[in-house]
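Text of my_file-v6.cif (mmCIF, C-alpha atoms and all ligand atoms) as supplied:
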```cif
data_model
#
loop_
_atom_site.label_atom_id
_atom_site.label_comp_id
_atom_site.auth_asym_id
_atom_site.auth_seq_id
_atom_site.Cartn_x
_atom_site.Cartn_y
_atom_site.Cartn_z
CA MET Y 187 -14.86 -8.62 -14.19
CA ARG Y 188 -12.54 -6.29 -16.10
CA VAL Y 189 -12.25 -2.73 -14.88
CA THR Y 190 -10.91 -0.29 -17.44
CA GLU Y 191 -9.95 3.34 -17.33
CA ALA Y 192 -13.16 4.19 -19.23
CA GLY Y 193 -15.22 2.37 -16.63
CA LEU Y 194 -13.40 4.24 -13.92
CA GLU Y 195 -14.22 7.54 -15.57
CA ALA Y 196 -17.91 6.76 -15.23
CA LEU Y 197 -17.53 5.68 -11.61
CA ASN Y 198 -15.44 8.72 -10.78
CA GLY Y 199 -18.17 10.84 -12.30
CA ARG Y 200 -20.74 9.15 -10.07
CA LEU Y 201 -18.58 9.75 -7.01
CA ALA Y 202 -17.79 13.39 -7.84
CA GLY Y 203 -18.66 15.45 -4.81
CA ALA Y 204 -19.41 12.39 -2.64
CA ALA Y 205 -18.52 12.73 1.03
CA PRO Y 206 -15.69 10.48 2.30
CA LEU Y 207 -18.14 8.32 4.25
CA ASP Y 208 -20.30 7.84 1.16
CA VAL Y 209 -17.25 6.57 -0.74
CA LEU Y 210 -16.41 4.22 2.13
CA ARG Y 211 -19.97 2.89 2.13
CA PHE Y 212 -19.84 2.39 -1.66
CA VAL Y 213 -16.60 0.38 -1.40
CA HIS Y 214 -17.85 -1.69 1.51
CA GLN Y 215 -21.14 -2.43 -0.21
CA THR Y 216 -19.39 -3.34 -3.48
CA PHE Y 217 -16.44 -5.40 -2.23
CA GLY Y 218 -17.25 -6.44 1.34
CA ARG Y 219 -14.34 -8.38 2.88
CA ARG Y 220 -12.34 -7.98 -0.34
CA ALA Y 221 -11.71 -4.32 0.41
CA ALA Y 222 -9.17 -3.04 2.94
CA ILE Y 223 -7.94 0.28 4.26
CA LEU Y 224 -4.19 0.70 3.71
CA THR Y 225 -2.57 3.19 6.09
CA SER Y 226 0.83 4.16 7.46
CA MET Y 227 -0.91 5.49 10.59
CA GLN Y 228 -0.76 9.13 9.67
CA ARG Y 229 -3.68 11.26 10.73
CA ALA Y 230 -5.64 11.31 7.46
CA GLY Y 231 -5.53 7.50 7.44
CA THR Y 232 -6.58 7.13 11.05
CA TRP Y 233 -9.44 9.59 10.44
CA LEU Y 234 -10.62 7.35 7.58
CA CYS Y 235 -10.48 4.40 10.00
CA ARG Y 236 -12.54 6.36 12.51
CA LEU Y 237 -15.20 7.17 9.89
CA ALA Y 238 -15.44 3.52 8.89
CA ASP Y 239 -15.56 2.23 12.45
CA GLN Y 240 -18.22 4.72 13.54
CA ALA Y 241 -20.39 3.71 10.59
CA GLY Y 242 -20.01 0.00 11.41
CA LEU Y 243 -18.07 -0.77 8.22
CA ASP Y 244 -15.93 -3.78 9.14
CA PHE Y 245 -12.86 -3.21 6.97
CA ASP Y 246 -9.51 -4.91 7.34
CA VAL Y 247 -6.82 -2.29 8.01
CA VAL Y 248 -3.53 -3.22 6.36
CA PHE Y 249 -0.38 -1.72 7.89
CA VAL Y 250 3.18 -2.37 6.71
CA ASP Y 251 5.70 -2.42 9.57
CA THR Y 252 9.05 -1.85 7.90
CA GLY Y 253 10.92 -2.62 11.10
CA VAL Y 254 12.29 0.94 11.22
CA LEU Y 255 9.22 2.85 12.35
CA HIS Y 256 8.97 5.23 15.29
CA GLU Y 257 7.54 3.65 18.42
CA GLN Y 258 4.74 6.26 18.25
CA THR Y 259 3.57 4.77 14.97
CA ARG Y 260 3.32 1.27 16.43
CA TRP Y 261 1.48 2.77 19.42
CA THR Y 262 -1.00 4.36 17.00
CA ARG Y 263 -1.54 0.98 15.31
CA ASP Y 264 -2.15 -0.71 18.65
CA GLU Y 265 -4.45 2.05 19.91
CA LEU Y 266 -6.46 1.92 16.70
CA ALA Y 267 -6.88 -1.84 17.06
CA ARG Y 268 -7.88 -1.46 20.72
CA THR Y 269 -10.48 1.28 20.23
CA HIS Y 270 -11.98 0.55 16.78
CA GLY Y 271 -13.88 -2.66 17.35
CA ASN Y 272 -15.33 -2.96 13.85
CA LEU Y 273 -11.91 -2.98 12.20
CA ARG Y 274 -9.33 -5.78 11.94
CA VAL Y 275 -5.75 -4.48 11.90
CA ILE Y 276 -3.37 -6.67 9.89
CA THR Y 277 0.37 -6.01 10.05
CA LEU Y 278 2.59 -7.00 7.13
CA SER Y 279 6.38 -7.28 7.51
CA PRO Y 280 9.39 -7.59 5.18
CA GLU Y 281 11.12 -10.95 4.84
CA ARG Y 282 14.39 -9.81 6.47
CA THR Y 283 14.97 -7.68 9.53
CA PHE Y 284 16.49 -4.27 8.84
CA ALA Y 285 19.67 -5.45 10.62
CA ALA Y 286 19.97 -8.50 8.36
CA GLN Y 287 19.31 -6.40 5.26
CA THR Y 288 21.95 -3.87 6.32
CA ALA Y 289 24.49 -6.59 7.08
CA GLU Y 290 24.01 -8.03 3.60
CA GLU Y 291 23.46 -4.88 1.50
CA GLY Y 292 24.57 -1.89 3.56
CA LEU Y 293 22.53 1.19 4.50
CA LEU Y 294 20.50 1.36 1.31
CA TYR Y 295 18.52 4.46 2.25
CA LEU Y 296 21.64 6.66 1.93
CA SER Y 297 21.53 6.74 -1.89
CA VAL Y 298 18.74 7.31 -4.42
CA GLU Y 299 19.22 3.87 -5.99
CA GLY Y 300 19.44 2.21 -2.60
CA GLN Y 301 16.32 3.98 -1.32
CA GLU Y 302 14.31 2.62 -4.21
CA ARG Y 303 15.44 -0.91 -3.39
CA CYS Y 304 14.97 -0.46 0.36
CA CYS Y 305 11.42 0.89 -0.06
CA ASP Y 306 10.69 -1.93 -2.46
CA LEU Y 307 11.99 -4.59 -0.05
CA ARG Y 308 10.49 -3.16 3.11
CA LYS Y 309 7.22 -1.57 1.92
CA THR Y 310 6.08 -2.62 -1.53
CA ALA Y 311 7.15 -6.29 -1.46
CA PRO Y 312 5.19 -7.14 1.72
CA LEU Y 313 2.09 -5.62 0.13
CA HIS Y 314 2.62 -7.37 -3.18
CA ALA Y 315 2.98 -10.65 -1.27
CA ILE Y 316 -0.77 -10.50 -0.51
CA ARG Y 317 -1.77 -9.81 -4.13
CA GLY Y 318 -5.14 -11.44 -4.78
CA ARG Y 319 -6.46 -11.14 -1.22
CA TYR Y 320 -8.24 -7.82 -1.89
CA ASP Y 321 -9.97 -6.21 -4.86
CA ALA Y 322 -9.82 -2.68 -3.48
CA PHE Y 323 -7.44 -0.73 -1.24
CA VAL Y 324 -8.71 2.42 0.42
CA SER Y 325 -6.09 5.00 1.33
CA ALA Y 326 -5.94 8.61 2.43
CA LEU Y 327 -4.22 10.27 -0.53
CA ARG Y 328 -5.41 13.85 -1.07
CA GLN Y 329 -4.99 16.37 -3.87
CA GLY Y 330 -4.11 18.87 -1.14
CA GLU Y 331 -0.81 17.05 -0.55
CA GLY Y 332 0.42 18.53 -3.84
CA GLY Y 333 3.07 17.05 -6.11
CA ALA Y 334 2.10 13.88 -7.97
CA ARG Y 335 -0.95 13.55 -5.74
CA SER Y 336 -2.50 16.83 -6.86
CA LYS Y 337 -4.43 14.92 -9.55
CA VAL Y 338 -5.48 11.93 -7.49
CA ARG Y 339 -9.09 10.85 -8.14
CA PRO Y 340 -11.54 8.97 -5.91
CA LEU Y 341 -10.91 5.75 -7.88
CA GLY Y 342 -7.78 4.55 -9.63
CA LEU Y 343 -6.16 1.34 -10.82
CA ASP Y 344 -3.22 -0.46 -9.23
CA LEU Y 345 -1.95 -2.73 -11.96
CA ALA Y 346 0.73 -4.34 -9.80
CA MET Y 347 -1.79 -5.37 -7.16
CA GLY Y 348 -4.61 -6.11 -9.63
CA ALA Y 349 -6.89 -3.99 -7.46
CA LEU Y 350 -8.73 -0.71 -7.33
CA ARG Y 351 -7.24 2.15 -5.38
CA VAL Y 352 -9.89 4.18 -3.60
CA HIS Y 353 -9.22 7.69 -2.28
CA PRO Y 354 -12.26 8.97 -0.34
CA LEU Y 355 -10.29 12.04 0.76
CA ALA Y 356 -9.14 13.03 -2.73
CA HIS Y 357 -10.93 16.38 -2.58
CA VAL Y 358 -10.64 17.03 1.17
CA THR Y 359 -8.57 20.17 1.81
CA ASN Y 360 -5.96 20.54 4.53
CA GLU Y 361 -8.29 22.90 6.39
CA GLU Y 362 -11.21 20.46 6.22
CA LEU Y 363 -8.97 17.67 7.50
CA ASP Y 364 -7.72 19.85 10.37
CA ARG Y 365 -11.28 20.78 11.35
CA ALA Y 366 -12.63 17.23 11.17
CA ILE Y 367 -9.86 15.77 13.32
CA ALA Y 368 -9.99 18.60 15.86
CA ALA Y 369 -13.75 18.10 16.22
CA ASP Y 370 -13.57 14.36 16.96
CA PRO Y 371 -11.63 13.22 20.04
CA GLY Y 372 -12.22 9.63 18.94
CA VAL Y 373 -9.69 9.91 16.11
CA VAL Y 374 -6.41 8.22 17.09
CA VAL Y 375 -3.73 10.73 16.15
CA ASN Y 376 -0.12 9.61 15.81
CA PRO Y 377 1.83 11.54 18.51
CA LEU Y 378 4.52 12.33 15.94
CA HIS Y 379 2.20 14.96 14.42
CA ALA Y 380 2.41 17.00 17.64
CA MET Y 381 6.20 16.84 17.30
CA GLY Y 382 6.17 18.53 13.87
CA PHE Y 383 5.92 15.51 11.59
CA ARG Y 384 3.40 16.27 8.85
CA THR Y 385 3.72 12.80 7.28
CA ILE Y 386 4.66 9.48 8.83
CA GLY Y 387 7.36 7.13 7.57
CA CYS Y 388 10.49 5.24 8.62
CA PHE Y 389 12.66 7.02 11.16
CA PRO Y 390 15.85 7.12 9.02
CA CYS Y 391 13.98 8.90 6.21
CA THR Y 392 11.38 11.12 7.92
CA THR Y 393 11.85 14.39 9.81
CA PRO Y 394 9.57 17.10 11.19
CA VAL Y 395 8.87 20.05 8.87
CA LEU Y 396 8.95 23.80 9.49
CA PRO Y 397 5.66 25.74 9.31
CA ASP Y 398 6.54 27.24 5.92
CA GLU Y 399 7.67 23.95 4.36
CA SER Y 400 5.53 21.70 2.18
CA GLU Y 401 3.76 18.72 3.72
CA ARG Y 402 6.22 16.19 2.31
CA ALA Y 403 9.41 18.20 2.88
CA GLY Y 404 10.30 15.88 5.75
CA ARG Y 405 10.51 12.77 3.59
CA TRP Y 406 13.94 11.67 2.33
CA ARG Y 407 15.33 15.10 3.17
CA HIS Y 408 18.81 13.68 2.57
CA LEU Y 409 17.88 12.71 -1.01
CA ALA Y 410 16.57 15.81 -2.75
CA SER Y 411 15.10 13.98 -5.75
CA VAL Y 412 12.98 11.44 -3.83
CA GLN Y 413 9.36 12.12 -2.83
CA TYR Y 414 7.54 8.79 -2.71
CA CYS Y 415 8.23 5.18 -1.73
CA GLY Y 416 5.96 3.63 -4.39
CA ILE Y 417 3.52 1.78 -2.14
CA ASN Y 418 0.71 4.14 -3.20
CA PRO Y 419 0.91 4.49 -6.97
CA VAL Y 420 -1.26 7.18 -8.46
CA ASP Y 421 -3.44 5.54 -11.10
CA ARG Y 422 -2.37 4.82 -14.65
CA GLY Y 423 -4.21 4.97 -17.93
CA ALA Y 424 -6.24 2.99 -20.39
CA ALA Y 425 -3.25 2.04 -22.51
CA GLU Y 426 -2.45 -0.65 -19.97
CA GLY Y 427 -5.86 -2.26 -20.49
CA GLY Y 428 -7.34 -2.10 -17.02
CA ILE Y 429 -7.39 -4.87 -14.41
CA GLU Y 430 -9.24 -8.10 -13.83
CA LEU Y 431 -11.08 -8.47 -10.52
CA ASP Y 432 -12.42 -11.72 -9.15
CA ASP Y 433 -16.06 -12.42 -9.92
CA ARG Y 434 -18.13 -12.11 -6.78
FE1 LIG Y 501 14.12 2.08 3.70
FE2 LIG Y 501 13.87 4.71 4.12
FE3 LIG Y 501 12.24 3.44 2.41
FE4 LIG Y 501 12.03 3.05 5.04
S1 LIG Y 501 11.62 4.97 3.90
S2 LIG Y 501 11.95 1.48 3.49
S3 LIG Y 501 14.20 3.10 5.67
S4 LIG Y 501 14.47 3.77 2.21
#
```
What's the structure tokens form of this structure?
Amino acid sequence: MRVTEAGLEALNGRLAGAAPLDVLRFVHQTFGRRAAILTSMQRAGTWLCRLADQAGLDFDVVFVDTGVLHEQTRWTRDELARTHGNLRVITLSPERTFAAQTAEEGLLYLSVEGQERCCDLRKTAPLHAIRGRYDAFVSALRQGEGGARSKVRPLGLDLAMGALRVHPLAHVTNEELDRAIAADPGVVVNPLHAMGFRTIGCFPCTTPVLPDESERAGRWRHLASVQYCGINPVDRGAAEGGIELDDR
């Protein structure tokens, strides 16, 4: 089955205004075990997991452990696995330890060029290593995050993974997210958020943010020009011809 940008337009039209849980149900019904939630264990992602678990949607949850995460993030992963019985948490890891990588290539994250390689080695490559296992990845990108994500749609294409990218929270505002999480004590919230971290990443490259800073100001603060690691590409257009999904 070939999925093109034109086909996505129609699907995005059908999903316009759909609640996050409705989008999750649509993906689960369409792809079954060939859909997974991809999360770094920040609160929007763990809220998505909570919605799926409560509704009995038995997604795999794919988590990339770069080897340089805060212990609170691994705790969140473990707590999610312990309390969300309908979900299966799968941890992906880079080929080399961070120590081995550093011994061979130095502290890559200190320069813009090095950061790109480090994120590729430690985040994107482990995900690309499972290319073909899933037809759809659900993640918690929101237009409210601003920047390149301000145009994110419910459905997009990931050409590198040959899969759909699904964003059930695309239109959820920061205020709506705050209210939903505050109202549900069953959501596993990464303790780093209470310490001022608005987003969650590797400890060398992620800091808390001040109240008047943007949500992603704490990412790669030492590299002014870097905003994203590349594991969650925002969709691309029809010129690339769409993607082929396995027949089901
Ligand atoms: Fe490396 Fe920093 Fe990217 Fe983590 S966020 S993979 S430490 S460059």
What residues of the protein or nucleic acid chains come within 8 Å of ligand LIG 501 (chain Y) when you use only C-alpha atoms and all ligand atoms? Reply as a PyMOL selection string.
chain Y and resi 252+254-255+294-296+300-309+387-392+405-406+415
Can those selected residues be exported to a file as a PDB file, keeping the file's coordinate frame so that it contains C-alpha atoms?
```
ATOM      1  CA  THR Y 252       9.050  -1.850   7.900  1.00  0.00           C
ATOM      2  CA  VAL Y 254      12.290   0.940  11.220  1.00  0.00           C
ATOM      3  CA  LEU Y 255       9.220   2.850  12.350  1.00  0.00           C
ATOM      4  CA  LEU Y 294      20.500   1.360   1.310  1.00  0.00           C
ATOM      5  CA  TYR Y 295      18.520   4.460   2.250  1.00  0.00           C
ATOM      6  CA  LEU Y 296      21.640   6.660   1.930  1.00  0.00           C
ATOM      7  CA  GLY Y 300      19.440   2.210  -2.600  1.00  0.00           C
ATOM      8  CA  GLN Y 301      16.320   3.980  -1.320  1.00  0.00           C
ATOM      9  CA  GLU Y 302      14.310   2.620  -4.210  1.00  0.00           C
ATOM     10  CA  ARG Y 303      15.440  -0.910  -3.390  1.00  0.00           C
ATOM     11  CA  CYS Y 304      14.970  -0.460   0.360  1.00  0.00           C
ATOM     12  CA  CYS Y 305      11.420   0.890  -0.060  1.00  0.00           C
ATOM     13  CA  ASP Y 306      10.690  -1.930  -2.460  1.00  0.00           C
ATOM     14  CA  LEU Y 307      11.990  -4.590  -0.050  1.00  0.00           C
ATOM     15  CA  ARG Y 308      10.490  -3.160   3.110  1.00  0.00           C
ATOM     16  CA  LYS Y 309       7.220  -1.570   1.920  1.00  0.00           C
ATOM     17  CA  GLY Y 387       7.360   7.130   7.570  1.00  0.00           C
ATOM     18  CA  CYS Y 388      10.490   5.240   8.620  1.00  0.00           C
ATOM     19  CA  PHE Y 389      12.660   7.020  11.160  1.00  0.00           C
ATOM     20  CA  PRO Y 390      15.850   7.120   9.020  1.00  0.00           C
ATOM     21  CA  CYS Y 391      13.980   8.900   6.210  1.00  0.00           C
ATOM     22  CA  THR Y 392      11.380  11.120   7.920  1.00  0.00           C
ATOM     23  CA  ARG Y 405      10.510  12.770   3.590  1.00  0.00           C
ATOM     24  CA  TRP Y 406      13.940  11.670   2.330  1.00  0.00           C
ATOM     25  CA  CYS Y 415       8.230   5.180  -1.730  1.00  0.00           C
TER      26      CYS Y 415
END
```
Near stretch 227-235 of chain Y, counting only C-alpha atoms, which residues have an atom at most 6 Å away, once you skip same-chain residues fewer than 6 positions from it, shown as a PyMOL selection string?
chain Y and resi 326+373+375+386
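Going from atom CA of Y:Tyr414 over to atom CA of Y:Ala204, you cover 27.2 Å.
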Between atom CA of Y:Gly348 and atom CA of Y:Val209, distance in Å (one decimal):
20.0 Å
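The space between atom CA of Y:Thr269 and atom CA of Y:Ile223 spans 16.2 Å.
In this comparison, which uses only C-alpha atoms, the residue of Y:Arg319, Y:Thr262, Y:Gly193, Y:Pro206 approaching Y:Ala356 most closely is Y:Pro206.
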Residue contacts of Y:Arg260 (10 Å, only C-alpha atoms) excluding same-chain residues fewer than 4 positions away, as a ChimeraX atom specification:
/Y:226-227,249,251,255-256,264-266,376
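The environment of Y:Arg317 within 10 Å, counting all atoms listed in the file and disregarding residues fewer than 5 places along the same chain, consists of Ala311, Pro312, Ala346, Met347, Gly348 and Ala349 of chain Y.
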Write to file, as a PDB file, in the frame of the given file, the residues of the selection just made, with C-alpha atoms.
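That gives us part_10.pdb:
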```pdb
ATOM      1  CA  ALA Y 311       7.150  -6.290  -1.460  1.00  0.00           C
ATOM      2  CA  PRO Y 312       5.190  -7.140   1.720  1.00  0.00           C
ATOM      3  CA  ALA Y 346       0.730  -4.340  -9.800  1.00  0.00           C
ATOM      4  CA  MET Y 347      -1.790  -5.370  -7.160  1.00  0.00           C
ATOM      5  CA  GLY Y 348      -4.610  -6.110  -9.630  1.00  0.00           C
ATOM      6  CA  ALA Y 349      -6.890  -3.990  -7.460  1.00  0.00           C
TER       7      ALA Y 349
END
```
Between Y:Leu350, Y:Ala202, Y:Ile417, Y:Leu194, which has the minimum distance to Y:Arg220 (counting only C-alpha atoms)?
Y:Leu350
With distances taken over only C-alpha atoms, which of Y:Arg339, Y:His314, Y:Arg328, Y:Arg188 is nearest to Y:Ser279?
Y:His314
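With distances restricted to all atoms listed in the file, Y:Glu362 is the closest residue to Y:Gly330 from Y:Glu291, Y:Glu195, Y:Glu362, Y:Glu430.
Neighbours of Y:Ala322 closer than or equal to 10 Å, with all atoms listed in the file counted and sequence neighbours fewer than 6 positions away skipped, come out as Val213, His214, Thr216, Phe217, Gly218, Arg219, Arg220, Ala221, Ala222, Ile223, Leu224, Leu341, Gly342, Leu343, Asp344, Met347, Gly348, Ala349, Leu350, Arg351, Val352 and Leu431 of chain Y.
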Among listed residues Y:Leu409, Y:Ala403, Y:Leu237, Y:Leu378, nearest Y:Glu331 (using all atoms listed in the file)
Y:Ala403
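Minimum atom-to-atom distances from Y:Leu201, Y:Ile429, Y:Ala369, Y:Ala334 to Y:Gly318 were compared using all atoms listed in the file, and the lowest value belongs to Y:Ile429.
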Do a neighbour search on Y:Met381 at 10 Å with only C-alpha atoms, toss out local chain neighbours closer than 3 positions, and write the hits as an MDAnalysis selection string.
chainID Y and resid 376:378 384 393:395
Once you have the residues from the selection above, write them out as a CSV table (one decimal), keeping the file's coordinate frame, restricted to C-alpha atoms.
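So selection-v5.csv came out as:
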```csv
chain,number,residue,atom,x,y,z
Y,376,ASN,CA,-0.1,9.6,15.8
Y,377,PRO,CA,1.8,11.5,18.5
Y,378,LEU,CA,4.5,12.3,15.9
Y,384,ARG,CA,3.4,16.3,8.8
Y,393,THR,CA,11.8,14.4,9.8
Y,394,PRO,CA,9.6,17.1,11.2
Y,395,VAL,CA,8.9,20.0,8.9
```
Quick one: what's the axis-aligned box for stretch 321-324 of chain Y, all listed atoms, 6 Å on every side, centre and edges in Å to one decimal, as AutoDock Vina command-line options?
```
--center_x -8.7 --center_y -1.9 --center_z -2.2 --size_x 14.5 --size_y 20.6 --size_z 17.3
```
Protein, DNA and RNA residues within 12 Å of (3.6, 17.1, -6.6), only C-alpha atoms, as a ChimeraX atom specification:
/Y:328-338,400-403,411-414,420
